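K.L.:
Provided below: query28.pdb, containing PDB, C-alpha atoms and all ligand atoms.
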ATOM      1  CA  MET M   1    -147.361 -61.305 -77.611  1.00  0.00           C
ATOM      2  CA  LYS M   2    -145.486 -64.307 -78.885  1.00  0.00           C
ATOM      3  CA  LEU M   3    -142.747 -65.979 -76.870  1.00  0.00           C
ATOM      4  CA  ARG M   4    -140.211 -68.279 -78.491  1.00  0.00           C
ATOM      5  CA  VAL M   5    -137.696 -70.176 -76.387  1.00  0.00           C
ATOM      6  CA  LEU M   6    -134.318 -70.069 -78.129  1.00  0.00           C
ATOM      7  CA  GLY M   7    -132.391 -71.392 -75.166  1.00  0.00           C
ATOM      8  CA  CYS M   8    -133.514 -72.348 -71.662  1.00  0.00           C
ATOM      9  CA  SER M   9    -130.856 -74.757 -70.420  1.00  0.00           C
ATOM     10  CA  GLY M  10    -128.298 -74.372 -67.657  1.00  0.00           C
ATOM     11  CA  GLY M  11    -125.633 -75.481 -70.146  1.00  0.00           C
ATOM     12  CA  ILE M  12    -124.929 -76.668 -73.657  1.00  0.00           C
ATOM     13  CA  GLY M  13    -125.166 -79.992 -75.486  1.00  0.00           C
ATOM     14  CA  GLN M  14    -127.029 -81.368 -78.482  1.00  0.00           C
ATOM     15  CA  GLY M  15    -130.342 -79.471 -78.582  1.00  0.00           C
ATOM     16  CA  LEU M  16    -129.469 -77.579 -75.393  1.00  0.00           C
ATOM     17  CA  HIS M  17    -128.781 -73.865 -75.456  1.00  0.00           C
ATOM     18  CA  THR M  18    -128.339 -71.235 -72.751  1.00  0.00           C
ATOM     19  CA  SER M  19    -130.857 -68.539 -71.910  1.00  0.00           C
ATOM     20  CA  SER M  20    -132.442 -66.524 -74.679  1.00  0.00           C
ATOM     21  CA  TYR M  21    -136.137 -65.767 -75.183  1.00  0.00           C
ATOM     22  CA  MET M  22    -137.604 -63.965 -78.175  1.00  0.00           C
ATOM     23  CA  ILE M  23    -140.655 -61.722 -77.790  1.00  0.00           C
ATOM     24  CA  ASP M  24    -142.480 -61.371 -81.114  1.00  0.00           C
ATOM     25  CA  ASP M  25    -139.737 -61.076 -83.714  1.00  0.00           C
ATOM     26  CA  ASP M  26    -137.751 -58.028 -82.615  1.00  0.00           C
ATOM     27  CA  ILE M  27    -136.938 -58.378 -78.897  1.00  0.00           C
ATOM     28  CA  LEU M  28    -134.628 -60.742 -77.038  1.00  0.00           C
ATOM     29  CA  LEU M  29    -134.526 -61.293 -73.310  1.00  0.00           C
ATOM     30  CA  ASP M  30    -130.941 -62.441 -72.739  1.00  0.00           C
ATOM     31  CA  ALA M  31    -128.575 -63.527 -75.482  1.00  0.00           C
ATOM     32  CA  GLY M  32    -127.133 -66.906 -74.539  1.00  0.00           C
ATOM     33  CA  THR M  33    -126.149 -69.596 -77.034  1.00  0.00           C
ATOM     34  CA  GLY M  34    -129.799 -69.997 -78.082  1.00  0.00           C
ATOM     35  CA  VAL M  35    -129.433 -66.990 -80.402  1.00  0.00           C
ATOM     36  CA  GLY M  36    -127.480 -69.276 -82.764  1.00  0.00           C
ATOM     37  CA  GLU M  37    -130.780 -71.081 -83.457  1.00  0.00           C
ATOM     38  CA  LEU M  38    -132.055 -68.096 -85.464  1.00  0.00           C
ATOM     39  CA  SER M  39    -131.766 -67.831 -89.228  1.00  0.00           C
ATOM     40  CA  LEU M  40    -129.920 -64.823 -90.643  1.00  0.00           C
ATOM     41  CA  GLU M  41    -133.248 -63.380 -91.693  1.00  0.00           C
ATOM     42  CA  GLU M  42    -134.614 -63.714 -88.150  1.00  0.00           C
ATOM     43  CA  MET M  43    -131.468 -62.137 -86.691  1.00  0.00           C
ATOM     44  CA  HIS M  44    -131.904 -59.144 -88.975  1.00  0.00           C
ATOM     45  CA  ARG M  45    -135.288 -58.386 -87.391  1.00  0.00           C
ATOM     46  CA  LEU M  46    -133.815 -58.136 -83.878  1.00  0.00           C
ATOM     47  CA  LYS M  47    -133.617 -54.548 -82.635  1.00  0.00           C
ATOM     48  CA  HIS M  48    -133.697 -54.718 -78.824  1.00  0.00           C
ATOM     49  CA  ILE M  49    -131.914 -57.018 -76.383  1.00  0.00           C
ATOM     50  CA  PHE M  50    -132.689 -56.861 -72.673  1.00  0.00           C
ATOM     51  CA  ILE M  51    -129.978 -58.453 -70.515  1.00  0.00           C
ATOM     52  CA  THR M  52    -130.663 -59.790 -66.999  1.00  0.00           C
ATOM     53  CA  HIS M  53    -127.051 -59.942 -65.787  1.00  0.00           C
ATOM     54  CA  SER M  54    -123.450 -60.213 -66.933  1.00  0.00           C
ATOM     55  CA  HIS M  55    -122.902 -63.962 -66.700  1.00  0.00           C
ATOM     56  CA  MET M  56    -121.523 -65.554 -69.849  1.00  0.00           C
ATOM     57  CA  ASP M  57    -124.455 -67.932 -70.412  1.00  0.00           C
ATOM     58  CA  HIS M  58    -126.751 -64.877 -70.795  1.00  0.00           C
ATOM     59  CA  VAL M  59    -124.578 -62.519 -72.880  1.00  0.00           C
ATOM     60  CA  LEU M  60    -122.223 -64.524 -75.045  1.00  0.00           C
ATOM     61  CA  SER M  61    -124.119 -64.163 -78.304  1.00  0.00           C
ATOM     62  CA  ILE M  62    -124.147 -60.342 -78.204  1.00  0.00           C
ATOM     63  CA  PRO M  63    -120.631 -59.881 -79.633  1.00  0.00           C
ATOM     64  CA  LEU M  64    -121.131 -62.563 -82.282  1.00  0.00           C
ATOM     65  CA  LEU M  65    -124.563 -61.234 -83.240  1.00  0.00           C
ATOM     66  CA  VAL M  66    -123.292 -57.670 -83.720  1.00  0.00           C
ATOM     67  CA  ASP M  67    -120.435 -58.944 -85.840  1.00  0.00           C
ATOM     68  CA  THR M  68    -122.797 -61.083 -87.943  1.00  0.00           C
ATOM     69  CA  LEU M  69    -125.225 -58.192 -88.506  1.00  0.00           C
ATOM     70  CA  PHE M  70    -122.604 -55.441 -88.803  1.00  0.00           C
ATOM     71  CA  ALA M  71    -123.468 -54.251 -92.307  1.00  0.00           C
ATOM     72  CA  ASP M  72    -127.159 -54.120 -91.394  1.00  0.00           C
ATOM     73  CA  LEU M  73    -126.564 -52.245 -88.145  1.00  0.00           C
ATOM     74  CA  LEU M  74    -124.955 -49.316 -89.914  1.00  0.00           C
ATOM     75  CA  GLU M  75    -128.445 -47.916 -90.511  1.00  0.00           C
ATOM     76  CA  GLN M  76    -129.969 -48.723 -87.123  1.00  0.00           C
ATOM     77  CA  PRO M  77    -127.849 -49.836 -84.172  1.00  0.00           C
ATOM     78  CA  LEU M  78    -128.678 -52.847 -82.058  1.00  0.00           C
ATOM     79  CA  LEU M  79    -129.905 -51.595 -78.683  1.00  0.00           C
ATOM     80  CA  VAL M  80    -128.758 -53.627 -75.688  1.00  0.00           C
ATOM     81  CA  TYR M  81    -130.404 -52.649 -72.411  1.00  0.00           C
ATOM     82  CA  ALA M  82    -128.744 -53.549 -69.117  1.00  0.00           C
ATOM     83  CA  ARG M  83    -128.175 -52.139 -65.680  1.00  0.00           C
ATOM     84  CA  THR M  84    -125.231 -49.802 -65.049  1.00  0.00           C
ATOM     85  CA  GLU M  85    -123.078 -52.520 -63.450  1.00  0.00           C
ATOM     86  CA  THR M  86    -123.685 -54.965 -66.305  1.00  0.00           C
ATOM     87  CA  ILE M  87    -122.773 -52.391 -68.955  1.00  0.00           C
ATOM     88  CA  LYS M  88    -119.541 -51.638 -67.115  1.00  0.00           C
ATOM     89  CA  ILE M  89    -118.647 -55.358 -67.143  1.00  0.00           C
ATOM     90  CA  LEU M  90    -119.505 -55.736 -70.849  1.00  0.00           C
ATOM     91  CA  LYS M  91    -117.322 -52.736 -71.708  1.00  0.00           C
ATOM     92  CA  GLU M  92    -114.399 -53.823 -69.567  1.00  0.00           C
ATOM     93  CA  HIS M  93    -114.401 -57.534 -70.298  1.00  0.00           C
ATOM     94  CA  VAL M  94    -116.063 -58.108 -73.670  1.00  0.00           C
ATOM     95  CA  PHE M  95    -116.012 -55.024 -75.899  1.00  0.00           C
ATOM     96  CA  ASN M  96    -112.470 -54.068 -74.878  1.00  0.00           C
ATOM     97  CA  TRP M  97    -110.686 -54.585 -78.244  1.00  0.00           C
ATOM     98  CA  GLN M  98    -108.996 -57.665 -76.767  1.00  0.00           C
ATOM     99  CA  LEU M  99    -111.732 -60.224 -76.257  1.00  0.00           C
ATOM    100  CA  TRP M 100    -113.749 -58.489 -79.012  1.00  0.00           C
ATOM    101  CA  PRO M 101    -113.770 -55.148 -80.887  1.00  0.00           C
ATOM    102  CA  ASP M 102    -115.693 -52.321 -79.262  1.00  0.00           C
ATOM    103  CA  PHE M 103    -118.729 -52.182 -81.540  1.00  0.00           C
ATOM    104  CA  THR M 104    -120.030 -49.158 -79.609  1.00  0.00           C
ATOM    105  CA  GLU M 105    -117.325 -47.269 -81.540  1.00  0.00           C
ATOM    106  CA  LEU M 106    -117.645 -49.061 -84.886  1.00  0.00           C
ATOM    107  CA  PRO M 107    -117.711 -47.919 -87.585  1.00  0.00           C
ATOM    108  CA  ASN M 108    -117.394 -44.686 -85.576  1.00  0.00           C
ATOM    109  CA  LYS M 109    -118.507 -43.217 -82.224  1.00  0.00           C
ATOM    110  CA  GLU M 110    -121.174 -41.016 -83.842  1.00  0.00           C
ATOM    111  CA  ASN M 111    -122.963 -43.862 -85.622  1.00  0.00           C
ATOM    112  CA  PRO M 112    -122.155 -47.059 -83.770  1.00  0.00           C
ATOM    113  CA  SER M 113    -123.552 -50.475 -84.675  1.00  0.00           C
ATOM    114  CA  LEU M 114    -124.171 -51.285 -81.000  1.00  0.00           C
ATOM    115  CA  LYS M 115    -125.585 -49.066 -78.275  1.00  0.00           C
ATOM    116  CA  LEU M 116    -125.428 -50.140 -74.623  1.00  0.00           C
ATOM    117  CA  VAL M 117    -128.397 -48.442 -72.989  1.00  0.00           C
ATOM    118  CA  GLU M 118    -128.554 -48.065 -69.217  1.00  0.00           C
ATOM    119  CA  MET M 119    -131.733 -49.417 -67.709  1.00  0.00           C
ATOM    120  CA  ASN M 120    -132.017 -49.937 -63.979  1.00  0.00           C
ATOM    121  CA  PRO M 121    -134.534 -51.662 -61.689  1.00  0.00           C
ATOM    122  CA  GLY M 122    -137.858 -49.823 -61.762  1.00  0.00           C
ATOM    123  CA  ASP M 123    -137.238 -48.473 -65.266  1.00  0.00           C
ATOM    124  CA  VAL M 124    -139.790 -49.260 -67.964  1.00  0.00           C
ATOM    125  CA  VAL M 125    -138.965 -49.240 -71.687  1.00  0.00           C
ATOM    126  CA  ASP M 126    -141.750 -49.201 -74.275  1.00  0.00           C
ATOM    127  CA  VAL M 127    -141.061 -51.014 -77.524  1.00  0.00           C
ATOM    128  CA  GLY M 128    -144.159 -50.535 -79.652  1.00  0.00           C
ATOM    129  CA  GLU M 129    -147.030 -52.220 -77.792  1.00  0.00           C
ATOM    130  CA  ARG M 130    -144.704 -53.987 -75.345  1.00  0.00           C
ATOM    131  CA  CYS M 131    -143.902 -52.343 -71.969  1.00  0.00           C
ATOM    132  CA  ILE M 132    -140.857 -53.915 -70.364  1.00  0.00           C
ATOM    133  CA  GLU M 133    -140.039 -53.318 -66.699  1.00  0.00           C
ATOM    134  CA  MET M 134    -136.770 -54.275 -65.025  1.00  0.00           C
ATOM    135  CA  VAL M 135    -137.033 -55.675 -61.489  1.00  0.00           C
ATOM    136  CA  ASN M 136    -134.150 -56.361 -59.095  1.00  0.00           C
ATOM    137  CA  VAL M 137    -133.521 -59.999 -58.067  1.00  0.00           C
ATOM    138  CA  ASN M 138    -130.960 -61.833 -55.927  1.00  0.00           C
ATOM    139  CA  HIS M 139    -127.946 -63.409 -57.674  1.00  0.00           C
ATOM    140  CA  THR M 140    -124.144 -63.394 -57.242  1.00  0.00           C
ATOM    141  CA  VAL M 141    -123.791 -60.334 -59.506  1.00  0.00           C
ATOM    142  CA  PRO M 142    -126.266 -57.457 -59.951  1.00  0.00           C
ATOM    143  CA  ALA M 143    -129.189 -59.167 -61.683  1.00  0.00           C
ATOM    144  CA  SER M 144    -132.684 -58.415 -62.859  1.00  0.00           C
ATOM    145  CA  ALA M 145    -135.923 -59.975 -63.970  1.00  0.00           C
ATOM    146  CA  TYR M 146    -138.154 -58.509 -66.682  1.00  0.00           C
ATOM    147  CA  ILE M 147    -141.916 -58.120 -66.708  1.00  0.00           C
ATOM    148  CA  VAL M 148    -143.414 -57.627 -70.167  1.00  0.00           C
ATOM    149  CA  GLU M 149    -146.933 -56.260 -70.563  1.00  0.00           C
ATOM    150  CA  SER M 150    -148.629 -56.258 -73.952  1.00  0.00           C
ATOM    151  CA  GLU M 151    -152.297 -55.880 -74.894  1.00  0.00           C
ATOM    152  CA  GLY M 152    -153.364 -56.542 -71.308  1.00  0.00           C
ATOM    153  CA  LYS M 153    -151.322 -59.745 -70.956  1.00  0.00           C
ATOM    154  CA  VAL M 154    -148.371 -60.086 -68.612  1.00  0.00           C
ATOM    155  CA  PHE M 155    -145.267 -62.253 -69.005  1.00  0.00           C
ATOM    156  CA  ALA M 156    -142.366 -62.427 -66.540  1.00  0.00           C
ATOM    157  CA  TYR M 157    -138.848 -63.803 -66.892  1.00  0.00           C
ATOM    158  CA  SER M 158    -136.878 -64.285 -63.689  1.00  0.00           C
ATOM    159  CA  GLY M 159    -133.339 -64.355 -65.128  1.00  0.00           C
ATOM    160  CA  ASP M 160    -131.012 -66.023 -62.585  1.00  0.00           C
ATOM    161  CA  THR M 161    -132.019 -65.621 -58.958  1.00  0.00           C
ATOM    162  CA  THR M 162    -132.440 -67.275 -55.626  1.00  0.00           C
ATOM    163  CA  THR M 163    -134.880 -66.460 -52.810  1.00  0.00           C
ATOM    164  CA  ASN M 164    -136.091 -62.874 -52.923  1.00  0.00           C
ATOM    165  CA  ASP M 165    -139.201 -60.842 -52.099  1.00  0.00           C
ATOM    166  CA  ASN M 166    -138.817 -58.082 -54.623  1.00  0.00           C
ATOM    167  CA  LEU M 167    -139.821 -59.909 -57.800  1.00  0.00           C
ATOM    168  CA  TRP M 168    -142.861 -61.553 -56.209  1.00  0.00           C
ATOM    169  CA  ASN M 169    -144.031 -58.319 -54.551  1.00  0.00           C
ATOM    170  CA  ARG M 170    -143.745 -56.469 -57.855  1.00  0.00           C
ATOM    171  CA  LEU M 171    -145.614 -59.209 -59.735  1.00  0.00           C
ATOM    172  CA  ASN M 172    -148.411 -59.029 -57.164  1.00  0.00           C
ATOM    173  CA  GLN M 173    -148.848 -55.353 -58.046  1.00  0.00           C
ATOM    174  CA  TYR M 174    -149.695 -56.293 -61.640  1.00  0.00           C
ATOM    175  CA  PRO M 175    -153.374 -57.065 -62.284  1.00  0.00           C
ATOM    176  CA  ARG M 176    -152.534 -60.501 -63.708  1.00  0.00           C
ATOM    177  CA  LEU M 177    -149.725 -62.832 -64.657  1.00  0.00           C
ATOM    178  CA  ASP M 178    -150.309 -65.037 -67.680  1.00  0.00           C
ATOM    179  CA  PHE M 179    -147.013 -66.830 -68.040  1.00  0.00           C
ATOM    180  CA  MET M 180    -143.692 -66.846 -66.235  1.00  0.00           C
ATOM    181  CA  VAL M 181    -140.301 -68.354 -66.975  1.00  0.00           C
ATOM    182  CA  VAL M 182    -138.401 -69.039 -63.778  1.00  0.00           C
ATOM    183  CA  GLU M 183    -135.094 -70.727 -63.229  1.00  0.00           C
ATOM    184  CA  THR M 184    -134.393 -73.829 -61.157  1.00  0.00           C
ATOM    185  CA  ALA M 185    -130.735 -74.482 -61.795  1.00  0.00           C
ATOM    186  CA  PHE M 186    -130.106 -77.186 -59.212  1.00  0.00           C
ATOM    187  CA  SER M 187    -131.713 -80.306 -57.793  1.00  0.00           C
ATOM    188  CA  GLU M 188    -132.816 -80.607 -54.169  1.00  0.00           C
ATOM    189  CA  GLU M 189    -129.664 -82.611 -53.385  1.00  0.00           C
ATOM    190  CA  GLU M 190    -127.655 -79.546 -54.371  1.00  0.00           C
ATOM    191  CA  ILE M 191    -129.488 -77.052 -52.155  1.00  0.00           C
ATOM    192  CA  GLU M 192    -126.259 -75.815 -50.569  1.00  0.00           C
ATOM    193  CA  LEU M 193    -124.777 -75.172 -54.008  1.00  0.00           C
ATOM    194  CA  ALA M 194    -127.987 -73.393 -55.023  1.00  0.00           C
ATOM    195  CA  ARG M 195    -127.659 -71.131 -51.979  1.00  0.00           C
ATOM    196  CA  LEU M 196    -123.978 -70.421 -52.684  1.00  0.00           C
ATOM    197  CA  ALA M 197    -124.398 -69.804 -56.406  1.00  0.00           C
ATOM    198  CA  LYS M 198    -127.650 -67.903 -55.705  1.00  0.00           C
ATOM    199  CA  HIS M 199    -129.956 -69.984 -57.853  1.00  0.00           C
ATOM    200  CA  TYR M 200    -133.212 -71.764 -57.055  1.00  0.00           C
ATOM    201  CA  CYS M 201    -133.568 -75.442 -56.325  1.00  0.00           C
ATOM    202  CA  PRO M 202    -137.083 -76.982 -56.219  1.00  0.00           C
ATOM    203  CA  SER M 203    -137.847 -76.277 -52.519  1.00  0.00           C
ATOM    204  CA  LEU M 204    -136.501 -72.705 -52.682  1.00  0.00           C
ATOM    205  CA  LEU M 205    -138.616 -72.115 -55.788  1.00  0.00           C
ATOM    206  CA  ALA M 206    -141.733 -73.597 -54.146  1.00  0.00           C
ATOM    207  CA  GLN M 207    -141.266 -71.380 -51.072  1.00  0.00           C
ATOM    208  CA  ASP M 208    -141.024 -68.277 -53.250  1.00  0.00           C
ATOM    209  CA  LEU M 209    -143.997 -69.276 -55.433  1.00  0.00           C
ATOM    210  CA  LYS M 210    -146.108 -69.147 -52.255  1.00  0.00           C
ATOM    211  CA  LYS M 211    -145.475 -65.382 -52.267  1.00  0.00           C
ATOM    212  CA  LEU M 212    -147.179 -65.082 -55.668  1.00  0.00           C
ATOM    213  CA  ASN M 213    -150.869 -64.154 -55.508  1.00  0.00           C
ATOM    214  CA  HIS M 214    -151.543 -64.941 -59.181  1.00  0.00           C
ATOM    215  CA  LYS M 215    -152.213 -68.399 -60.570  1.00  0.00           C
ATOM    216  CA  ALA M 216    -149.897 -68.532 -63.544  1.00  0.00           C
ATOM    217  CA  LYS M 217    -148.469 -71.090 -65.894  1.00  0.00           C
ATOM    218  CA  ILE M 218    -144.812 -71.455 -64.941  1.00  0.00           C
ATOM    219  CA  GLY M 219    -142.107 -72.522 -67.394  1.00  0.00           C
ATOM    220  CA  VAL M 220    -139.162 -73.985 -65.513  1.00  0.00           C
ATOM    221  CA  SER M 221    -135.774 -73.123 -67.022  1.00  0.00           C
ATOM    222  CA  HIS M 222    -131.993 -73.231 -66.540  1.00  0.00           C
ATOM    223  CA  LEU M 223    -132.044 -76.924 -65.523  1.00  0.00           C
ATOM    224  CA  LYS M 224    -128.663 -78.598 -65.314  1.00  0.00           C
ATOM    225  CA  PRO M 225    -127.982 -80.679 -68.460  1.00  0.00           C
ATOM    226  CA  GLY M 226    -128.520 -84.372 -67.827  1.00  0.00           C
ATOM    227  CA  ASP M 227    -130.483 -83.734 -64.629  1.00  0.00           C
ATOM    228  CA  GLU M 228    -133.555 -82.117 -66.226  1.00  0.00           C
ATOM    229  CA  ALA M 229    -136.176 -84.819 -65.633  1.00  0.00           C
ATOM    230  CA  HIS M 230    -135.076 -85.297 -62.020  1.00  0.00           C
ATOM    231  CA  ILE M 231    -135.142 -81.559 -61.188  1.00  0.00           C
ATOM    232  CA  PHE M 232    -138.477 -81.055 -62.937  1.00  0.00           C
ATOM    233  CA  ARG M 233    -140.040 -83.985 -61.043  1.00  0.00           C
ATOM    234  CA  GLN M 234    -138.795 -82.461 -57.774  1.00  0.00           C
ATOM    235  CA  CYS M 235    -140.303 -79.095 -58.774  1.00  0.00           C
ATOM    236  CA  ASN M 236    -143.698 -80.740 -59.294  1.00  0.00           C
ATOM    237  CA  ASP M 237    -143.402 -82.583 -55.949  1.00  0.00           C
ATOM    238  CA  GLN M 238    -142.572 -79.345 -54.120  1.00  0.00           C
ATOM    239  CA  VAL M 239    -145.098 -77.074 -55.829  1.00  0.00           C
ATOM    240  CA  LYS M 240    -147.856 -79.686 -55.306  1.00  0.00           C
ATOM    241  CA  GLY M 241    -150.153 -78.540 -58.075  1.00  0.00           C
ATOM    242  CA  GLU M 242    -150.473 -74.970 -56.772  1.00  0.00           C
ATOM    243  CA  HIS M 243    -149.274 -73.761 -60.170  1.00  0.00           C
ATOM    244  CA  GLU M 244    -149.171 -75.469 -63.549  1.00  0.00           C
ATOM    245  CA  LEU M 245    -145.511 -76.164 -64.311  1.00  0.00           C
ATOM    246  CA  CYS M 246    -144.062 -76.882 -67.715  1.00  0.00           C
ATOM    247  CA  HIS M 247    -140.581 -78.076 -68.557  1.00  0.00           C
ATOM    248  CA  LEU M 248    -139.295 -75.687 -71.214  1.00  0.00           C
ATOM    249  CA  VAL M 249    -137.302 -76.971 -74.166  1.00  0.00           C
ATOM    250  CA  THR M 250    -135.620 -75.297 -77.146  1.00  0.00           C
ATOM    251  CA  ASP M 251    -138.066 -73.916 -79.713  1.00  0.00           C
ATOM    252  CA  ASP M 252    -141.126 -73.965 -77.463  1.00  0.00           C
ATOM    253  CA  CYS M 253    -143.523 -71.226 -78.593  1.00  0.00           C
ATOM    254  CA  PHE M 254    -146.269 -69.639 -76.532  1.00  0.00           C
ATOM    255  CA  GLN M 255    -148.962 -67.161 -77.480  1.00  0.00           C
ATOM    256  CA  ILE M 256    -149.418 -64.970 -74.415  1.00  0.00           C
TER     257      ILE M 256
HETATM  258 ZN    ZN A   1    -126.007 -66.153 -63.488  1.00  0.00          ZN
HETATM  259 ZN    ZN A   2    -127.376 -68.424 -65.938  1.00  0.00          ZN
END
Just give me the structure of the file as structure tokens.

P.N.:
Amino acid sequence: MKLRVLGCSGGIGQGLHTSSYMIDDDILLDAGTGVGELSLEEMHRLKHIFITHSHMDHVLSIPLLVDTLFADLLEQPLLVYARTETIKILKEHVFNWQLWPDFTELPNKENPSLKLVEMNPGDVVDVGERCIEMVNVNHTVPASAYIVESEGKVFAYSGDTTTNDNLWNRLNQYPRLDFMVVETAFSEEEIELARLAKHYCPSLLAQDLKKLNHKAKIGVSHLKPGDEAHIFRQCNDQVKGEHELCHLVTDDCFQI
């Protein structure tokens, strides 16, 4: 499978976009501001969006994308997969006719342009050759990671999370892990904030990586704008070469 990083930053700024990762040319994991990097033609190929949690930096391009593609989606709706709690939040706070029209009823309820599909931890959705499993993680709102298996290769995306056992235990049950994107939103100096906001900082990440039995290449994401080099250096210091870390940037592409 092919992975393209559309957005991997903890915020916005020139060249910085929030979380969105494209698998091949038809699947998105999260729909942060990075989706705006795609050409119209590339957007038209998107059919499936898997959302990790309801926070704005991971969902804000969904309403704009549906609006942009509306005419196209009359034939085949855009499928957005998320856990029950996340769908409830999207319906109540985004697609509520006030912040944005309810595209799950447009042009009509029978043939909507957007379908919100319930997917909960443990569920697996097959999209062609790609098997995508949702795994529960530990954040301030109900949140998930995704593990994508395709042609014997395994890719994992942590979404937003702090210390947990579940994701690492589940990954250890897979025969291999080829590449993983994992967040480290805060620096070591901000460990208390990381605990409160339920994100990783370098030492919390390093402690959890010890739970992983696979040797995988790890792409570090969700770094705070302006503090990227500092946080990434601290990640390398903490992980001490036990895994190969790479500092993700917009438009990175990986063949997995
Ligand atoms: Zn979050
Ligand atoms: Zn986030």

K.L.:
Grab the atom CA of M:Gly128 to atom CA of M:Leu90 distance for me, in Å with one decimal place.

P.N.:
26.7 Å

K.L.:
Report the residues retrieved by the PyMOL selection byres (((not hetatm)) within 8 of (chain A and resi 1)) from the displayed file, expressed as a list in words.

P.N.:
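Taken over the shown coordinates, the PyMOL selection byres (((not hetatm)) within 8 of (chain A and resi 1)) returns His53, Ser54, His55, Met56, Asp57, His58, His139, Thr140, Val141, Ala143, Gly159, Asp160, Thr161 and His199 of chain M.
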
K.L.:
Take the PyMOL selection byres (((chain M and resi 65) around 12) and not hetatm), run it mentally on this structure, and tell me the resulting residues as an MDAnalysis selection string.

P.N.:
chainID M and resid 28 31:40 42:47 49 59:64 66:73 77:80 100 103 113:114

K.L.:
Under the rule that all atoms listed in the file are counted, which of M:Lys109, M:Arg83, M:His222, M:Arg170 is the nearest residue to ligand ZN 2 (chain A)?

P.N.:
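Between M:Lys109, M:Arg83, M:His222, M:Arg170, the residue approaching ligand ZN 2 (chain A) most closely is M:His222.
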
K.L.:
On this structure, the PyMOL selection byres (((chain M and resi 177-187) around 7) and not hetatm) would catch which residues? List them as a ChimeraX atom specification, sorted by chain and number.

P.N.:
/M:10,153-160,176,188-191,194,199-202,214,216-224,231,256

K.L.:
Quote the spacing between atom CA of M:Asn136 and atom CA of M:Phe50 in Å to one decimal place.

P.N.:
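Those two atoms sit 13.7 Å apart.
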
K.L.:
Which residue gives the smallest distance to ligand ZN 2 (chain A) among M:Ser144, M:Gln14, M:Thr250, M:Asn236, with all atoms listed in the file counted?

P.N.:
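The shortest atom-to-atom distance to ligand ZN 2 (chain A) comes from M:Ser144.
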
K.L.:
Counting all atoms listed in the file, which residue out of M:Lys198, M:His247, M:Val127, M:Glu75 sits closest to ligand ZN 2 (chain A)?

P.N.:
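Residue with the minimum atom-to-atom distance to ligand ZN 2 (chain A): M:Lys198.
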
K.L.:
Quick one, how far is atom CA of M:Glu228 from atom CA of M:Ser203?

P.N.:
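Atom CA of M:Glu228 sits 15.5 Å away from atom CA of M:Ser203.
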
K.L.:
Taking all atoms of stretch 98-103 of chain M that appear in the file, build a box with edges along x, y and z, extend it by 6 Å on every side, and state its centre and edge lengths in Å to one decimal, as AutoDock Vina command-line options.

P.N.:
--center_x -113.9 --center_y -56.2 --center_z -78.9 --size_x 21.7 --size_y 20.0 --size_z 17.3

K.L.:
Mind checking which residues fall within 7 Å of M:Ile132, counting all atoms listed in the file, ignoring those fewer than 3 positions away in the same chain, and posting them as a VMD selection string?

P.N.:
chain M and resid 124 to 126 146 to 149

K.L.:
Applying 7 Å and all atoms listed in the file, which residues near M:Asn164 remain after dropping the ones on its own chain fewer than 2 positions away? List them as number ranges by chain.

P.N.:
M: 137-138, 162, 166-167

K.L.:
Can those selected residues be exported to a file as a tab-separated table (two decimals), in the frame of the given file so that it contains C-alpha atoms?

P.N.:
chain	number	residue	atom	x	y	z
M	137	VAL	CA	-133.52	-60.00	-58.07
M	138	ASN	CA	-130.96	-61.83	-55.93
M	162	THR	CA	-132.44	-67.28	-55.63
M	166	ASN	CA	-138.82	-58.08	-54.62
M	167	LEU	CA	-139.82	-59.91	-57.80

K.L.:
If we count all atoms listed in the file and set the cut-off at 6 Å, which residues sit around M:Met134, ignoring sequence neighbours fewer than 5 positions away in its own chain? Please answer as a PyMOL selection string.

P.N.:
chain M and resi 121-123+145-146

K.L.:
Identify the residues within 6 Å of coordinate (-126.5, -44.7, -87.9) (same frame as the file), considering all atoms listed in the file, and give the answer as a ChimeraX atom specification.

P.N.:
/M:74-76,111

K.L.:
For ligand ZN 2 (chain A), which residue out of M:Lys215, M:His17, M:Lys88, M:Lys240 is the nearest one, using all atoms listed in the file?

P.N.:
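Smallest distance to ligand ZN 2 (chain A) is found for M:His17.
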
K.L.:
From the block you just saw, export stretch 89-95 of chain M: N, CA and C atoms, as a PDB file, in the first residue's frame.

P.N.:
ATOM      1  N   ILE M  89     -21.481  13.166  17.814  1.00  0.00           N
ATOM      2  CA  ILE M  89     -20.920  14.524  17.912  1.00  0.00           C
ATOM      3  C   ILE M  89     -20.953  15.220  16.539  1.00  0.00           C
ATOM      4  N   LEU M  90     -20.591  14.497  15.493  1.00  0.00           N
ATOM      5  CA  LEU M  90     -20.607  15.098  14.146  1.00  0.00           C
ATOM      6  C   LEU M  90     -22.028  15.532  13.765  1.00  0.00           C
ATOM      7  N   LYS M  91     -23.001  14.688  14.112  1.00  0.00           N
ATOM      8  CA  LYS M  91     -24.396  15.026  13.773  1.00  0.00           C
ATOM      9  C   LYS M  91     -24.881  16.221  14.574  1.00  0.00           C
ATOM     10  N   GLU M  92     -24.562  16.227  15.861  1.00  0.00           N
ATOM     11  CA  GLU M  92     -25.068  17.292  16.726  1.00  0.00           C
ATOM     12  C   GLU M  92     -24.375  18.630  16.498  1.00  0.00           C
ATOM     13  N   HIS M  93     -23.068  18.571  16.228  1.00  0.00           N
ATOM     14  CA  HIS M  93     -22.296  19.821  16.250  1.00  0.00           C
ATOM     15  C   HIS M  93     -21.776  20.283  14.894  1.00  0.00           C
ATOM     16  N   VAL M  94     -21.787  19.422  13.899  1.00  0.00           N
ATOM     17  CA  VAL M  94     -21.288  19.844  12.583  1.00  0.00           C
ATOM     18  C   VAL M  94     -22.425  19.831  11.560  1.00  0.00           C
ATOM     19  N   PHE M  95     -22.965  18.645  11.312  1.00  0.00           N
ATOM     20  CA  PHE M  95     -24.012  18.515  10.281  1.00  0.00           C
ATOM     21  C   PHE M  95     -25.391  18.750  10.905  1.00  0.00           C
TER      22      PHE M  95
END
